[in-house]
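Q: Okay, handing you the structure first.
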Protein chains: 2
Amino acid sequence: MGHGGLRPEDIEHARTQLSNFLSRRGLKQTRQREAILEAFLESGGHMTSEDLYERVRPQNPEIGAATVYRTLKLFCEAGIAHPNHFRAGVTLYEHRGGHHDHLICVSCGDIVEFECSMIEQTQLEIAGQYGFRLTNHRHDLYGYCPKCSKDEEPNP
Amino acid sequence: MGHGGLRPEDIEHARTQLSNFLSRRGLKQTRQREAILEAFLESGGHMTSEDLYERVRPQNPEIGAATVYRTLKLFCEAGIAHPNHFRAGVTLYEHRGGHHDHLICVSCGDIVEFECSMIEQTQLEIAGQYGFRLTNHRHDLYGYCPKCSKDEEPNP
DNA sequence: CTTGGTGCAAATCGTTTGCACCGTC
DNA sequence: GACGGTGCAAACGATTTGCACCAAG
């Protein structure tokens, strides 16, 4: 179920973003970071460090898993990636930008993104009622996607 | 920031629920399961297996951590508990019942539950648009609670 | 007495870290 | 050259599992 990578302009933007972030912080531009960034951007988002490691490996066999973990964290700080914990024990990284709301198929794992400004608005109101100042949110809907709906029957 | 345990009637209901679940499945009613259930119900919800283990230990030094993990999973199947992954690496279990929507303070970790039927409704519509058949959802709003809002300043 | 439950310790899994070496600035 | 980056392997923390023993039905 691969879906939506980024458009060329987004990719270019991400490259610049990382570049700026690195120099601003006095960090180094390395071959590995470039390779990992490209692999991440080419992917559809929603991947684990492990996944990305596998993706990078063929072209760069010397890059270690630890570097991928470290780099992905760096991307999060740079605002290029965002970590998500859909299930126990794994961190899924997604492309930044857009709102992080998802429809997740509990059967095949497919992830679809959606956005609803009405809900966004309502969230702010609710937070206000409790005196909370919101920084971010997550809104995930779990269920069976159209394909899997046909296989799985409601009552076991 | 402790808050809301369950009312006596809810506790009674949970006991029955587990009891029924066990016999329905041909499983056994054990001293450990009772002890762990009581500890879980007495707590405010939103605890890790580890937390519960510590809570149970004083009165039942022989109960092992593995049993608590196993039992908590059982509670989930029985519909008494519900697992949540607010942050990487830990599973937080909460009391079942009510909708699982939360306001979470990123500073002190306080968790407030809320419910909004309008959002619930909208979720169904969105799922429908994508042909998904929903089974459950999670909706977490992160931010600073009133107390912590005073300390933390918006711009770093 | 039969089958599931428990406790312990060892095993796993994802992720992190210490350290010696390597490459960028 | 200095300091951050990398690779490897060992360390880690949460959770799971194999196994021999125990207890509920």
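Ligands are numbered from 1 in the order shown, residues from 1 within each chain, and chains are lettered A, B, ... in the order they appear in the structure tokens.
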Determine which residues of chain A DSSP labels as alpha helix (DSSP H) from the backbone of this structure, then write them out as a PyMOL selection string.

A: chain A and resi 8-24+31-42+49-56+65-78+117-129+146-151

Q: Could you produce a table of the residues of chain B lying within 10 Å of chain A, with the nearest pair of atoms per residue and their separation in Å rounded to one decimal, using only C-alpha atoms, ordered by chain and increasing residue number, as CSV?

A:
```
residue,atom,partner,partner_atom,distance
B:Pro83,CA,A:Ala88,CA,9.1
B:Asn84,CA,A:Ala88,CA,8.3
B:His85,CA,A:Ala88,CA,6.2
B:Phe86,CA,A:His85,CA,7.3
B:Arg87,CA,A:His85,CA,6.7
B:Ala88,CA,A:His85,CA,6.2
B:Gly89,CA,A:Gly89,CA,5.4
B:Val90,CA,A:Ala88,CA,7.1
B:Thr91,CA,A:Ala88,CA,6.6
B:Leu92,CA,A:Ala88,CA,9.9
B:Asp101,CA,A:His139,CA,9.2
B:His102,CA,A:His137,CA,9.8
B:Leu103,CA,A:Ala127,CA,7.4
B:Ile104,CA,A:Phe132,CA,8.9
B:Cys105,CA,A:Phe132,CA,7.9
B:Val106,CA,A:Thr135,CA,8.5
B:Val112,CA,A:Tyr130,CA,8.6
B:Phe114,CA,A:Ile126,CA,8.1
B:Glu115,CA,A:Ile126,CA,9.1
B:Cys116,CA,A:Ile126,CA,8.5
B:Met118,CA,A:Ile119,CA,8.6
B:Ile119,CA,A:Ile119,CA,6.2
B:Glu120,CA,A:Ile119,CA,9.7
B:Thr122,CA,A:Ile119,CA,7.7
B:Gln123,CA,A:Leu141,CA,7.5
B:Leu124,CA,A:Leu141,CA,9.2
B:Ile126,CA,A:Phe114,CA,8.0
B:Ala127,CA,A:Leu103,CA,7.3
B:Gly128,CA,A:Pro146,CA,9.8
B:Tyr130,CA,A:Pro146,CA,7.8
B:Gly131,CA,A:Pro146,CA,5.2
B:Phe132,CA,A:Cys145,CA,4.5
B:Arg133,CA,A:Tyr144,CA,5.1
B:Leu134,CA,A:Gly143,CA,3.9
B:Thr135,CA,A:Gly143,CA,4.7
B:Asn136,CA,A:Tyr142,CA,5.3
B:His137,CA,A:Leu141,CA,4.3
B:Arg138,CA,A:Asp140,CA,5.2
B:His139,CA,A:His139,CA,4.3
B:Asp140,CA,A:Arg138,CA,5.2
B:Leu141,CA,A:His137,CA,4.3
B:Tyr142,CA,A:Asn136,CA,5.3
B:Gly143,CA,A:Leu134,CA,3.9
B:Tyr144,CA,A:Arg133,CA,5.1
B:Cys145,CA,A:Phe132,CA,4.5
B:Pro146,CA,A:Gly131,CA,5.2
B:Lys147,CA,A:Gly131,CA,8.9
B:Cys148,CA,A:Phe132,CA,9.1
B:Ser149,CA,A:Arg133,CA,7.0
B:Pro154,CA,A:Arg133,CA,9.6
```

Q: Can you write out as a tab-separated table which residues of chain C fall within 10 Å of stretch 21-36 of chain B, alongside each residue's closest atom pair and its distance in Å to one decimal, counting only C-alpha atoms (C1' of nucleotides) and ordering rows by chain and ascending residue number?

A:
```
residue	atom	partner	partner_atom	distance
C:DT3	C1'	B:Leu27	CA	9.5
C:DG4	C1'	B:Leu27	CA	6.9
C:DG5	C1'	B:Lys28	CA	7.8
C:DT6	C1'	B:Gln32	CA	8.8
```

Q: Emit the selected residues as a PDB file, in the first residue's frame, including N, CA and C atoms (P, O5', C5', C4', C3', O3' and C1' of nucleotides).

A:
```
ATOM      1  P    DT C   3      -6.590 -32.040  29.727  1.00  0.00           P
ATOM      2  O5'  DT C   3      -6.747 -30.464  29.743  1.00  0.00           O
ATOM      3  C5'  DT C   3      -7.848 -29.855  30.446  1.00  0.00           C
ATOM      4  C4'  DT C   3      -7.384 -28.521  30.994  1.00  0.00           C
ATOM      5  C3'  DT C   3      -6.398 -27.794  30.084  1.00  0.00           C
ATOM      6  O3'  DT C   3      -6.890 -26.489  29.878  1.00  0.00           O
ATOM      7  C1'  DT C   3      -5.583 -27.849  32.309  1.00  0.00           C
ATOM      8  P    DG C   4      -6.220 -25.475  28.855  1.00  0.00           P
ATOM      9  O5'  DG C   4      -6.029 -24.265  29.863  1.00  0.00           O
ATOM     10  C5'  DG C   4      -7.131 -23.882  30.665  1.00  0.00           C
ATOM     11  C4'  DG C   4      -6.617 -23.126  31.866  1.00  0.00           C
ATOM     12  C3'  DG C   4      -5.739 -21.930  31.496  1.00  0.00           C
ATOM     13  O3'  DG C   4      -6.090 -20.884  32.379  1.00  0.00           O
ATOM     14  C1'  DG C   4      -4.545 -23.366  32.913  1.00  0.00           C
ATOM     15  P    DG C   5      -5.208 -19.644  32.519  1.00  0.00           P
ATOM     16  O5'  DG C   5      -4.356 -20.031  33.806  1.00  0.00           O
ATOM     17  C5'  DG C   5      -5.021 -20.033  35.065  1.00  0.00           C
ATOM     18  C4'  DG C   5      -4.028 -19.652  36.143  1.00  0.00           C
ATOM     19  C3'  DG C   5      -3.296 -18.338  35.889  1.00  0.00           C
ATOM     20  O3'  DG C   5      -3.176 -17.683  37.147  1.00  0.00           O
ATOM     21  C1'  DG C   5      -1.728 -20.112  35.970  1.00  0.00           C
ATOM     22  P    DT C   6      -2.368 -16.379  37.264  1.00  0.00           P
ATOM     23  O5'  DT C   6      -0.963 -16.928  37.767  1.00  0.00           O
ATOM     24  C5'  DT C   6      -0.922 -17.659  38.996  1.00  0.00           C
ATOM     25  C4'  DT C   6       0.513 -17.955  39.386  1.00  0.00           C
ATOM     26  C3'  DT C   6       1.439 -16.736  39.327  1.00  0.00           C
ATOM     27  O3'  DT C   6       2.102 -16.641  40.574  1.00  0.00           O
ATOM     28  C1'  DT C   6       2.357 -18.578  38.119  1.00  0.00           C
TER      29       DT C   6
END
```

Q: Skip C:DC1 itself and residues of its chain fewer than 2 positions away, then list as a compact mmCIF listing (two decimals) with all heavy atoms, in the first residue's frame all residues within 12 Å of it, counting only C-alpha atoms (C1' of nucleotides).

A:
```txt
# COMPACT_ATOMS: atom_id res chain seq x y z
P DT C 3 -6.59 -32.04 29.73
OP1 DT C 3 -7.49 -32.57 28.68
OP2 DT C 3 -5.16 -32.39 29.74
O5' DT C 3 -6.75 -30.46 29.74
C5' DT C 3 -7.85 -29.86 30.45
C4' DT C 3 -7.38 -28.52 30.99
O4' DT C 3 -6.74 -28.67 32.28
C3' DT C 3 -6.40 -27.79 30.08
O3' DT C 3 -6.89 -26.49 29.88
C2' DT C 3 -5.09 -27.78 30.87
C1' DT C 3 -5.58 -27.85 32.31
N1 DT C 3 -4.64 -28.43 33.30
C2 DT C 3 -4.68 -27.97 34.59
O2 DT C 3 -5.45 -27.11 34.97
N3 DT C 3 -3.78 -28.57 35.45
C4 DT C 3 -2.87 -29.54 35.14
O4 DT C 3 -2.13 -30.00 36.00
C5 DT C 3 -2.89 -29.98 33.77
C7 DT C 3 -1.93 -31.05 33.33
C6 DT C 3 -3.75 -29.42 32.93
P DA D 23 0.00 -24.22 45.52
OP1 DA D 23 0.07 -23.21 46.59
OP2 DA D 23 0.06 -25.67 45.82
O5' DA D 23 -1.32 -23.95 44.67
C5' DA D 23 -1.43 -22.76 43.89
C4' DA D 23 -2.74 -22.83 43.09
O4' DA D 23 -2.59 -23.74 42.00
C3' DA D 23 -3.94 -23.33 43.90
O3' DA D 23 -5.08 -22.72 43.32
C2' DA D 23 -3.96 -24.81 43.57
C1' DA D 23 -3.61 -24.74 42.09
N9 DA D 23 -3.05 -25.94 41.50
C8 DA D 23 -2.22 -26.86 42.08
N7 DA D 23 -1.87 -27.83 41.26
C5 DA D 23 -2.50 -27.51 40.07
C6 DA D 23 -2.52 -28.13 38.82
N6 DA D 23 -1.86 -29.24 38.54
N1 DA D 23 -3.27 -27.54 37.86
C2 DA D 23 -3.93 -26.41 38.12
N3 DA D 23 -3.97 -25.74 39.27
C4 DA D 23 -3.23 -26.34 40.21
P DA D 24 -6.34 -22.34 44.23
OP1 DA D 24 -6.11 -21.01 44.78
OP2 DA D 24 -6.64 -23.48 45.10
O5' DA D 24 -7.49 -22.21 43.12
C5' DA D 24 -7.31 -21.34 42.02
C4' DA D 24 -8.15 -21.80 40.84
O4' DA D 24 -7.60 -23.02 40.29
C3' DA D 24 -9.60 -22.11 41.19
O3' DA D 24 -10.40 -21.73 40.09
C2' DA D 24 -9.59 -23.63 41.39
C1' DA D 24 -8.53 -24.07 40.40
N9 DA D 24 -7.74 -25.24 40.81
C8 DA D 24 -7.14 -25.46 42.02
N7 DA D 24 -6.44 -26.57 42.07
C5 DA D 24 -6.59 -27.11 40.79
C6 DA D 24 -6.10 -28.29 40.21
N6 DA D 24 -5.32 -29.16 40.84
N1 DA D 24 -6.45 -28.53 38.92
C2 DA D 24 -7.24 -27.66 38.29
N3 DA D 24 -7.75 -26.52 38.73
C4 DA D 24 -7.39 -26.30 40.01
P DG D 25 -12.00 -21.93 40.11
OP1 DG D 25 -12.62 -20.79 39.40
OP2 DG D 25 -12.38 -22.23 41.50
O5' DG D 25 -12.21 -23.24 39.23
C5' DG D 25 -12.28 -23.14 37.81
C4' DG D 25 -12.59 -24.51 37.24
O4' DG D 25 -11.60 -25.46 37.72
C3' DG D 25 -13.95 -25.06 37.64
O3' DG D 25 -14.62 -25.62 36.53
C2' DG D 25 -13.64 -26.18 38.63
C1' DG D 25 -12.23 -26.59 38.25
N9 DG D 25 -11.44 -27.04 39.40
C8 DG D 25 -11.35 -26.44 40.63
N7 DG D 25 -10.55 -27.09 41.46
C5 DG D 25 -10.09 -28.17 40.72
C6 DG D 25 -9.21 -29.21 41.09
O6 DG D 25 -8.65 -29.39 42.17
N1 DG D 25 -9.02 -30.11 40.02
C2 DG D 25 -9.59 -29.99 38.79
N2 DG D 25 -9.29 -30.94 37.92
N3 DG D 25 -10.43 -29.02 38.44
C4 DG D 25 -10.62 -28.15 39.45
```

Q: I want to know what sits within 10 Å of D:DT6, based on only C-alpha atoms (C1' of nucleotides), with residues of the same chain fewer than 6 positions away left out; could you give that as a ChimeraX atom specification?

A: /A:32,62-64,66-67 /C:21-23

Q: Go ahead and save the picked residues with N, CA and C atoms (P, O5', C5', C4', C3', O3' and C1' of nucleotides), as a PDB file, in the first residue's frame.

A:
```pdb
ATOM      1  N   GLN A  32      26.368  10.580   5.035  1.00  0.00           N
ATOM      2  CA  GLN A  32      25.323   9.744   5.606  1.00  0.00           C
ATOM      3  C   GLN A  32      24.014  10.512   5.781  1.00  0.00           C
ATOM      4  N   GLU A  62      27.688   0.555   4.430  1.00  0.00           N
ATOM      5  CA  GLU A  62      28.511   0.846   5.607  1.00  0.00           C
ATOM      6  C   GLU A  62      27.721   1.616   6.681  1.00  0.00           C
ATOM      7  N   ILE A  63      26.619   2.233   6.299  1.00  0.00           N
ATOM      8  CA  ILE A  63      25.853   3.003   7.276  1.00  0.00           C
ATOM      9  C   ILE A  63      25.222   2.073   8.312  1.00  0.00           C
ATOM     10  N   GLY A  64      25.438   2.374   9.586  1.00  0.00           N
ATOM     11  CA  GLY A  64      24.928   1.523  10.652  1.00  0.00           C
ATOM     12  C   GLY A  64      23.551   1.939  11.118  1.00  0.00           C
ATOM     13  N   ALA A  66      22.524   2.502  14.076  1.00  0.00           N
ATOM     14  CA  ALA A  66      22.584   3.553  15.093  1.00  0.00           C
ATOM     15  C   ALA A  66      22.565   4.934  14.451  1.00  0.00           C
ATOM     16  N   THR A  67      23.244   5.051  13.340  1.00  0.00           N
ATOM     17  CA  THR A  67      23.298   6.334  12.648  1.00  0.00           C
ATOM     18  C   THR A  67      21.915   6.731  12.150  1.00  0.00           C
TER      19      THR A  67
ATOM     20  P    DC C  21      41.791   3.656  17.800  1.00  0.00           P
ATOM     21  O5'  DC C  21      40.966   4.090  16.507  1.00  0.00           O
ATOM     22  C5'  DC C  21      40.178   3.118  15.809  1.00  0.00           C
ATOM     23  C4'  DC C  21      39.376   3.811  14.721  1.00  0.00           C
ATOM     24  C3'  DC C  21      40.232   4.653  13.765  1.00  0.00           C
ATOM     25  O3'  DC C  21      39.782   4.414  12.435  1.00  0.00           O
ATOM     26  C1'  DC C  21      38.511   5.977  14.685  1.00  0.00           C
ATOM     27  P    DC C  22      40.488   5.157  11.215  1.00  0.00           P
ATOM     28  O5'  DC C  22      39.347   6.168  10.768  1.00  0.00           O
ATOM     29  C5'  DC C  22      38.026   5.679  10.473  1.00  0.00           C
ATOM     30  C4'  DC C  22      37.201   6.826   9.911  1.00  0.00           C
ATOM     31  C3'  DC C  22      37.933   7.642   8.846  1.00  0.00           C
ATOM     32  O3'  DC C  22      37.018   7.924   7.799  1.00  0.00           O
ATOM     33  C1'  DC C  22      37.264   9.065  10.632  1.00  0.00           C
ATOM     34  P    DG C  23      37.473   8.720   6.508  1.00  0.00           P
ATOM     35  O5'  DG C  23      36.629  10.064   6.653  1.00  0.00           O
ATOM     36  C5'  DG C  23      35.230   9.997   6.847  1.00  0.00           C
ATOM     37  C4'  DG C  23      34.703  11.408   7.028  1.00  0.00           C
ATOM     38  C3'  DG C  23      35.151  12.387   5.953  1.00  0.00           C
ATOM     39  O3'  DG C  23      34.022  13.190   5.674  1.00  0.00           O
ATOM     40  C1'  DG C  23      35.825  13.187   8.082  1.00  0.00           C
TER      41       DG C  23
END
```

Q: Leaving out stretch 71-74 of chain A and any residue of its chain fewer than 2 positions from it, which residues lie within 8 Å of it when counting only C-alpha atoms (C1' of nucleotides), given as a PDB file with C-alpha atoms, in the first residue's frame?

A:
```pdb
ATOM      1  CA  ARG A  33      22.902  12.473   6.563  1.00  0.00           C
ATOM      2  CA  ILE A  36      19.334   9.137   4.887  1.00  0.00           C
ATOM      3  CA  SER A  49      14.028   3.630  11.829  1.00  0.00           C
ATOM      4  CA  THR A  67      23.298   6.334  12.648  1.00  0.00           C
ATOM      5  CA  VAL A  68      19.826   6.060  11.195  1.00  0.00           C
ATOM      6  CA  TYR A  69      18.283   6.278  14.653  1.00  0.00           C
ATOM      7  CA  CYS A  76      12.736  15.690  14.171  1.00  0.00           C
ATOM      8  CA  GLU A  77      14.662  18.505  15.802  1.00  0.00           C
ATOM      9  CA  ALA A  78      15.116  20.079  12.401  1.00  0.00           C
ATOM     10  CA  ALA A  81      10.232  14.521  10.508  1.00  0.00           C
ATOM     11  CA  TYR A  93       8.397   8.766  11.581  1.00  0.00           C
TER      12      TYR A  93
END
```

Q: Have a look at atom CA of B:Ala65 and atom C1' of C:DT16 and let me know their distance in Å, one decimal.

A: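 According to the coordinates, atom CA of B:Ala65 and atom C1' of C:DT16 are separated by 24.0 Å.
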
Q: Can you list every residue in stretch 66-128 of chain A that DSSP puts in strand (DSSP E or B), as a ChimeraX atom specification?

A: /A:81-84,92-95,101-105,111-113

Q: Using all heavy atoms, can you export the residues from the last selection as a compact mmCIF listing (two decimals), in the first residue's frame?

A:
```txt
# COMPACT_ATOMS: atom_id res chain seq x y z
N ALA A 81 10.98 15.74 10.21
CA ALA A 81 10.23 14.52 10.51
C ALA A 81 9.45 14.71 11.81
O ALA A 81 9.72 15.64 12.57
CB ALA A 81 11.17 13.33 10.64
N HIS A 82 8.52 13.82 12.03
CA HIS A 82 7.73 13.87 13.25
C HIS A 82 7.49 12.45 13.73
O HIS A 82 7.09 11.60 12.95
CB HIS A 82 6.41 14.57 12.99
CG HIS A 82 5.58 14.74 14.22
ND1 HIS A 82 5.85 15.72 15.16
CD2 HIS A 82 4.54 14.04 14.68
CE1 HIS A 82 4.98 15.61 16.14
NE2 HIS A 82 4.17 14.62 15.88
N PRO A 83 7.78 12.17 15.01
CA PRO A 83 7.64 10.81 15.54
C PRO A 83 6.21 10.53 16.01
O PRO A 83 5.58 11.39 16.60
CB PRO A 83 8.59 10.81 16.73
CG PRO A 83 8.58 12.22 17.21
CD PRO A 83 8.29 13.10 16.03
N ASN A 84 5.77 9.32 15.75
CA ASN A 84 4.43 8.90 16.15
C ASN A 84 4.47 7.53 16.79
O ASN A 84 5.23 6.69 16.36
CB ASN A 84 3.56 8.81 14.89
CG ASN A 84 2.51 9.89 14.88
OD1 ASN A 84 1.82 10.07 15.87
ND2 ASN A 84 2.41 10.59 13.77
N LEU A 92 7.05 5.45 14.61
CA LEU A 92 6.88 5.69 13.19
C LEU A 92 7.20 7.15 12.92
O LEU A 92 6.69 8.03 13.60
CB LEU A 92 5.43 5.41 12.79
CG LEU A 92 5.17 4.23 11.86
CD1 LEU A 92 5.98 3.02 12.27
CD2 LEU A 92 3.69 3.91 11.82
N TYR A 93 8.06 7.39 11.93
CA TYR A 93 8.40 8.77 11.58
C TYR A 93 7.64 9.16 10.33
O TYR A 93 7.59 8.41 9.37
CB TYR A 93 9.90 8.90 11.35
CG TYR A 93 10.69 8.71 12.62
CD1 TYR A 93 11.13 7.45 13.00
CD2 TYR A 93 10.99 9.80 13.44
CE1 TYR A 93 11.85 7.27 14.18
CE2 TYR A 93 11.71 9.63 14.60
CZ TYR A 93 12.13 8.37 14.97
OH TYR A 93 12.85 8.18 16.13
N GLU A 94 7.08 10.34 10.34
CA GLU A 94 6.36 10.80 9.16
C GLU A 94 6.92 12.14 8.70
O GLU A 94 7.61 12.83 9.45
CB GLU A 94 4.87 10.93 9.45
CG GLU A 94 4.56 11.94 10.53
CD GLU A 94 3.09 12.00 10.86
OE1 GLU A 94 2.30 11.21 10.32
OE2 GLU A 94 2.71 12.87 11.66
N HIS A 95 6.62 12.50 7.47
CA HIS A 95 7.04 13.79 6.95
C HIS A 95 6.31 14.88 7.69
O HIS A 95 5.13 14.76 7.97
CB HIS A 95 6.72 13.90 5.46
CG HIS A 95 7.42 12.89 4.61
ND1 HIS A 95 6.83 12.29 3.53
CD2 HIS A 95 8.66 12.37 4.70
CE1 HIS A 95 7.69 11.45 2.98
NE2 HIS A 95 8.80 11.46 3.68
N ASP A 101 -3.27 13.89 11.35
CA ASP A 101 -4.46 13.12 11.65
C ASP A 101 -4.50 11.94 10.71
O ASP A 101 -4.21 12.08 9.53
CB ASP A 101 -5.70 14.00 11.48
CG ASP A 101 -5.70 15.14 12.49
OD1 ASP A 101 -4.97 15.03 13.50
OD2 ASP A 101 -6.41 16.13 12.27
N HIS A 102 -4.84 10.77 11.23
CA HIS A 102 -4.73 9.56 10.43
C HIS A 102 -5.91 8.61 10.53
O HIS A 102 -6.53 8.50 11.57
CB HIS A 102 -3.48 8.77 10.84
CG HIS A 102 -2.22 9.54 10.77
ND1 HIS A 102 -1.77 10.30 11.83
CD2 HIS A 102 -1.30 9.67 9.80
CE1 HIS A 102 -0.61 10.88 11.49
NE2 HIS A 102 -0.31 10.52 10.26
N LEU A 103 -6.12 7.92 9.43
CA LEU A 103 -7.01 6.77 9.41
C LEU A 103 -6.07 5.58 9.27
O LEU A 103 -5.26 5.54 8.33
CB LEU A 103 -7.91 6.83 8.18
CG LEU A 103 -9.26 7.51 8.34
CD1 LEU A 103 -9.79 7.93 6.98
CD2 LEU A 103 -10.23 6.55 9.01
N ILE A 104 -6.14 4.63 10.19
CA ILE A 104 -5.22 3.51 10.17
C ILE A 104 -5.98 2.20 10.05
O ILE A 104 -6.87 1.92 10.85
CB ILE A 104 -4.38 3.50 11.46
CG1 ILE A 104 -3.57 4.79 11.55
CG2 ILE A 104 -3.46 2.28 11.49
CD1 ILE A 104 -3.59 5.43 12.90
N CYS A 105 -5.60 1.40 9.08
CA CYS A 105 -6.27 0.11 8.93
C CYS A 105 -5.66 -0.90 9.92
O CYS A 105 -4.46 -1.16 9.87
CB CYS A 105 -6.14 -0.43 7.51
SG CYS A 105 -6.94 -2.03 7.33
N ILE A 111 -2.11 3.55 6.05
CA ILE A 111 -2.38 4.80 6.74
C ILE A 111 -2.80 5.88 5.74
O ILE A 111 -2.12 6.11 4.75
CB ILE A 111 -1.13 5.29 7.50
CG1 ILE A 111 -0.74 4.25 8.56
CG2 ILE A 111 -1.38 6.64 8.15
CD1 ILE A 111 0.51 4.62 9.34
N VAL A 112 -3.92 6.51 6.00
CA VAL A 112 -4.41 7.60 5.16
C VAL A 112 -4.45 8.86 6.01
O VAL A 112 -4.84 8.80 7.18
CB VAL A 112 -5.85 7.30 4.66
CG1 VAL A 112 -6.37 8.47 3.85
CG2 VAL A 112 -5.88 6.02 3.86
N GLU A 113 -4.03 9.97 5.46
CA GLU A 113 -4.07 11.20 6.24
C GLU A 113 -5.34 11.98 5.92
O GLU A 113 -5.83 11.95 4.80
CB GLU A 113 -2.86 12.06 5.91
CG GLU A 113 -1.56 11.30 6.09
CD GLU A 113 -0.36 12.21 6.24
OE1 GLU A 113 -0.44 13.36 5.80
OE2 GLU A 113 0.64 11.73 6.81
```

Q: Do me a favour and pick out the residues of chain C within 12 Å of chain A, using only C-alpha atoms (C1' of nucleotides), as a list in words.

A: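 The selection requested is DT12, DC13, DG14, DT15, DT16, DT17, DC22, DG23, DT24 and DC25 of chain C.
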
Q: Output the selection as a JSON list (two decimals), in the first residue's frame - N, CA and C atoms (P, O5', C5', C4', C3', O3' and C1' of nucleotides) for each residue.

A:
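File part09.json, as written:
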```json
[["chain", "number", "residue", "atom", "x", "y", "z"],
["C", 12, "DT", "P", 15.94, -15.52, 21.67],
["C", 12, "DT", "O5'", 15.13, -14.19, 21.34],
["C", 12, "DT", "C5'", 14.26, -13.72, 22.33],
["C", 12, "DT", "C4'", 13.31, -12.70, 21.79],
["C", 12, "DT", "C3'", 13.83, -11.83, 20.66],
["C", 12, "DT", "O3'", 12.72, -11.48, 19.83],
["C", 12, "DT", "C1'", 13.48, -10.49, 22.58],
["C", 13, "DC", "P", 12.95, -10.94, 18.34],
["C", 13, "DC", "O5'", 12.31, -9.48, 18.37],
["C", 13, "DC", "C5'", 11.31, -9.16, 19.33],
["C", 13, "DC", "C4'", 11.25, -7.65, 19.46],
["C", 13, "DC", "C3'", 12.03, -6.91, 18.36],
["C", 13, "DC", "O3'", 11.23, -5.87, 17.85],
["C", 13, "DC", "C1'", 12.75, -6.20, 20.51],
["C", 14, "DG", "P", 11.73, -5.04, 16.51],
["C", 14, "DG", "O5'", 11.94, -3.57, 17.09],
["C", 14, "DG", "C5'", 10.83, -2.92, 17.69],
["C", 14, "DG", "C4'", 11.32, -1.77, 18.54],
["C", 14, "DG", "C3'", 12.10, -0.70, 17.77],
["C", 14, "DG", "O3'", 11.60, 0.58, 18.15],
["C", 14, "DG", "C1'", 13.39, -1.50, 19.60],
["C", 15, "DT", "P", 12.18, 1.89, 17.49],
["C", 15, "DT", "O5'", 13.35, 2.27, 18.50],
["C", 15, "DT", "C5'", 13.00, 2.49, 19.86],
["C", 15, "DT", "C4'", 14.25, 2.70, 20.68],
["C", 15, "DT", "C3'", 15.17, 3.82, 20.17],
["C", 15, "DT", "O3'", 15.24, 4.83, 21.17],
["C", 15, "DT", "C1'", 16.39, 1.90, 20.83],
["C", 16, "DT", "P", 16.16, 6.08, 20.99],
["C", 16, "DT", "O5'", 17.42, 5.64, 21.88],
["C", 16, "DT", "C5'", 17.19, 5.16, 23.19],
["C", 16, "DT", "C4'", 18.51, 4.95, 23.91],
["C", 16, "DT", "C3'", 19.52, 6.09, 23.76],
["C", 16, "DT", "O3'", 20.02, 6.37, 25.06],
["C", 16, "DT", "C1'", 20.52, 4.06, 23.13],
["C", 17, "DT", "P", 21.02, 7.59, 25.30],
["C", 17, "DT", "O5'", 22.40, 6.88, 25.65],
["C", 17, "DT", "C5'", 22.41, 5.54, 26.11],
["C", 17, "DT", "C4'", 23.85, 5.04, 26.21],
["C", 17, "DT", "C3'", 24.93, 6.12, 26.13],
["C", 17, "DT", "O3'", 26.00, 5.72, 26.99],
["C", 17, "DT", "C1'", 25.23, 4.61, 24.37],
["C", 22, "DC", "P", 40.49, 5.16, 11.21],
["C", 22, "DC", "O5'", 39.35, 6.17, 10.77],
["C", 22, "DC", "C5'", 38.03, 5.68, 10.47],
["C", 22, "DC", "C4'", 37.20, 6.83, 9.91],
["C", 22, "DC", "C3'", 37.93, 7.64, 8.85],
["C", 22, "DC", "O3'", 37.02, 7.92, 7.80],
["C", 22, "DC", "C1'", 37.26, 9.06, 10.63],
["C", 23, "DG", "P", 37.47, 8.72, 6.51],
["C", 23, "DG", "O5'", 36.63, 10.06, 6.65],
["C", 23, "DG", "C5'", 35.23, 10.00, 6.85],
["C", 23, "DG", "C4'", 34.70, 11.41, 7.03],
["C", 23, "DG", "C3'", 35.15, 12.39, 5.95],
["C", 23, "DG", "O3'", 34.02, 13.19, 5.67],
["C", 23, "DG", "C1'", 35.83, 13.19, 8.08],
["C", 24, "DT", "P", 34.05, 14.31, 4.53],
["C", 24, "DT", "O5'", 33.48, 15.61, 5.26],
["C", 24, "DT", "C5'", 32.61, 15.44, 6.33],
["C", 24, "DT", "C4'", 32.42, 16.72, 7.11],
["C", 24, "DT", "C3'", 32.46, 18.04, 6.35],
["C", 24, "DT", "O3'", 31.44, 18.89, 6.88],
["C", 24, "DT", "C1'", 34.17, 18.01, 8.00],
["C", 25, "DC", "P", 31.16, 20.34, 6.22],
["C", 25, "DC", "O5'", 32.01, 21.30, 7.18],
["C", 25, "DC", "C5'", 31.58, 21.49, 8.54],
["C", 25, "DC", "C4'", 32.61, 22.32, 9.29],
["C", 25, "DC", "C3'", 32.88, 23.69, 8.69],
["C", 25, "DC", "O3'", 32.86, 24.64, 9.73],
["C", 25, "DC", "C1'", 34.91, 22.55, 9.05]]
```

Q: Show which residues sit within 9 Å of B:Leu41, as an MDAnalysis selection string. Count only C-alpha atoms (C1' of nucleotides), and ignore same-chain residues fewer than 6 positions away.

A: chainID B and resid 5:6 10:11 14 95

Q: Just the number, please: distance in Å from atom C1' of C:DA9 to atom C1' of D:DA14, one decimal.

A: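 These atoms are spaced 15.8 Å apart.
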
Q: Skip C:DG18 itself and residues of its chain fewer than 2 positions away, then list as number ranges by chain all residues within 10 Å of it, counting only C-alpha atoms (C1' of nucleotides).

A: C: 20; D: 9-11

Q: What is the atom C1' of D:DT16 to atom CA of A:Arg57 distance in Å?

A: 29.4 Å

Q: Mind listing as a list in words which residues of chain D are within 10 Å of chain A, counting only C-alpha atoms (C1' of nucleotides)?

A: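 Residues passing the distance filter: DC3, DG4, DG5, DT6, DG7, DC8, DA14 and DT15 of chain D.
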